[in-house]
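Report on the structure given below.
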Amino acid sequence: MAAAFSSDGEAALRRELRAAVAAAPRSDLDGFYEMGRAAAFVRDGGFRKVALQFPDELLADAVEVASKMEAATGAEMYVLGDTTYGSCCVDEVAAEHVGAEAVLHYGPACLSPCRKLPVLHIFGQQPLDIRRCTEAFQELYPEQQSRVVVLSDVVYAHAMGELEKQLCPEYPNIIFSRLVCGDPPGPAVPGEERKFGRQFLVQAAGGLQDYAMFYVGSEGLALTSFMLTWNCCPFSSFNPITGCGRRETLNVNRALMRRLYLVERARDASVVGILVGTLGVAGYLTVLQHLRELLCRAGKRSYTLAVGKPNPAKLANFLEVDIFVLVACAQNSLLDSSDFYQPVVTPYELELACNPAREWTGNYLTDFRDLLPGACAHVELPPAVPAGEAVPDVSLITGKMRATHLCGPLTSQLPPSTALACRDQTRALAEISPAASFLESRSWRGLEQQLGQTPVSKAVQGRRGIAIAYEDEGCEQ
């Protein structure tokens, strides 16, 4: 799971692009990529520069698709070869580098609303065996009065209408979710669910907990997010690639216990790194400011880091950081940090750790927009508590005492022994950040410049190739 958000450097250098599994043949590009709908979107909007964003597995068709789109619309097409963050998010940053006026996003998508550019999602119509999917559903739910909500990966959304025609006559209590690109208009009605770009209405008296979930798609981050969010519902799935249906055996309670352990780690942390995992999802600036204020009130130092796609090697450079919080789309927020030097949590988990007014209710939130003021799950911070009235607490990990109180927004967060240091011989005091203090304590602090001490030499021929395998390495061996 750690490699799902960012791939290994060596693997990226040696990787060869191949056509996606079950992708459309070359002769069916117009249907697979919905050329007619995409061309109409460009012409109707009057766009002259359009960015085409492909995932890695579809880049092999990018040149031909761009050529056909230019011929059909007369607009300039720019292919985004690599995404700044996850490929499921619309990369507005790369699109703005070429001055694009709109984005055509191909392949799987998280359907997070964008901030600036108009976007058309073209998922790619992956084939689905309706007959086999129907049989798998009937095997999993033999009782025809079963209450089931059908979810699907976006690449199979085109076939859900046909599947609905097959199942609805036999199963009167089945509900099919609908895809919603962007925020749906108007407030939600009672019983309506709006999450992950899906929308469906539950009419049972007991609510969603009376329903089971049936997912059409391969195992991945989307299914994991669904299972954690709707953890009160039993899940089953049908994999169109293998043609097999199964009851999902992922122990959700065990996964939640792992996430709650990370909440305890966040409570113990004194320095938190806020990882910017998106620059395109609407509301990311607001949640960044919200997290900074939350950490300040909780007496923790925070640093905002923009590192692109996070991986263990990048984050290991920040040894002074006790824990990281990733601000990303709902699918990429659940980063498995077991391979990382320090754990990575979600904004919701950080709120559980730092906001005493927020209690664990069993519902898990992966969309950070639900935490913002005015959202359905927003919880106000309680008033600040004086230090003398702080309620002591015992860490479940270290066994040490810790104070659980909210400081005022302008109160210094560090003890005087580490927050203040003598700046010069005049005894002037200056504040030192935890990062600077950590650097001072290290035995090696980086390369020394030694200006004027290194003799000047002429340029010489260097080594050729890439660092992983220089051209002359084989000769030396």
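How things are named: the first chain in the structure tokens is A, the next is B, and so on; residues count from 1 in each chain; ligands count from 1 in the order shown.
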Using only C-alpha atoms, which residues of stretch 232-330 of chain A come within 6 Å of stretch 343-353 of chain A, and what is the closest atom pair for each, with the distance in Å to one decimal? Give it as a tab-separated table, sorted by chain and residue number.
residue	atom	partner	partner_atom	distance
A:Val263	CA	A:Ala353	CA	5.5
A:Ala266	CA	A:Ala353	CA	6.0
A:Arg267	CA	A:Ala353	CA	5.1
A:Ile323	CA	A:Pro343	CA	5.5
A:Phe324	CA	A:Val344	CA	4.7
A:Val325	CA	A:Val345	CA	4.7
A:Leu326	CA	A:Thr346	CA	5.6
Q.
As an exercise, work out the distance from atom CA of A:Gly161 to atom CA of A:Ile130 in Å and give it to one decimal place.
A.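 Spanning atom CA of A:Gly161 to atom CA of A:Ile130 is a straight-line distance of 10.3 Å.
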Q) Counting only C-alpha atoms, what is within 6 Å of stretch 80-97 of chain A, bar same-chain residues fewer than 4 positions away, as an MDAnalysis selection string? A) chainID A and resid 51 53 55 108:110 280 308:309
Q) Among stretch 225-268 of chain A, which residues carry a DSSP assignment of strand (DSSP E or B), reported as number ranges by chain? A) A: 235-239, 244-247
Q: With a distance cut-off of 12 Å and only C-alpha atoms, select the neighbouring residues of A:His158, excluding the residue or stretch itself and same-chain residues fewer than 4 positions from it, and output the selection as a list in words.
A: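 Residues meeting the cut-off are Gly31, Phe32, Glu34, Ile122, Phe123, Gly124, Gln125, Gln126, Pro127, Leu128, Ile130, Ser152, Asp153, Val154, Glu162, Leu163, Glu164, Arg178, Leu179 and Val216 of chain A.
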Q) For A:Ala269, which residue among A:Leu228, A:Leu221, A:Pro382, A:Leu295 is the nearest when counting only C-alpha atoms? A)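 Smallest separation from A:Ala269 among the options: A:Leu295.
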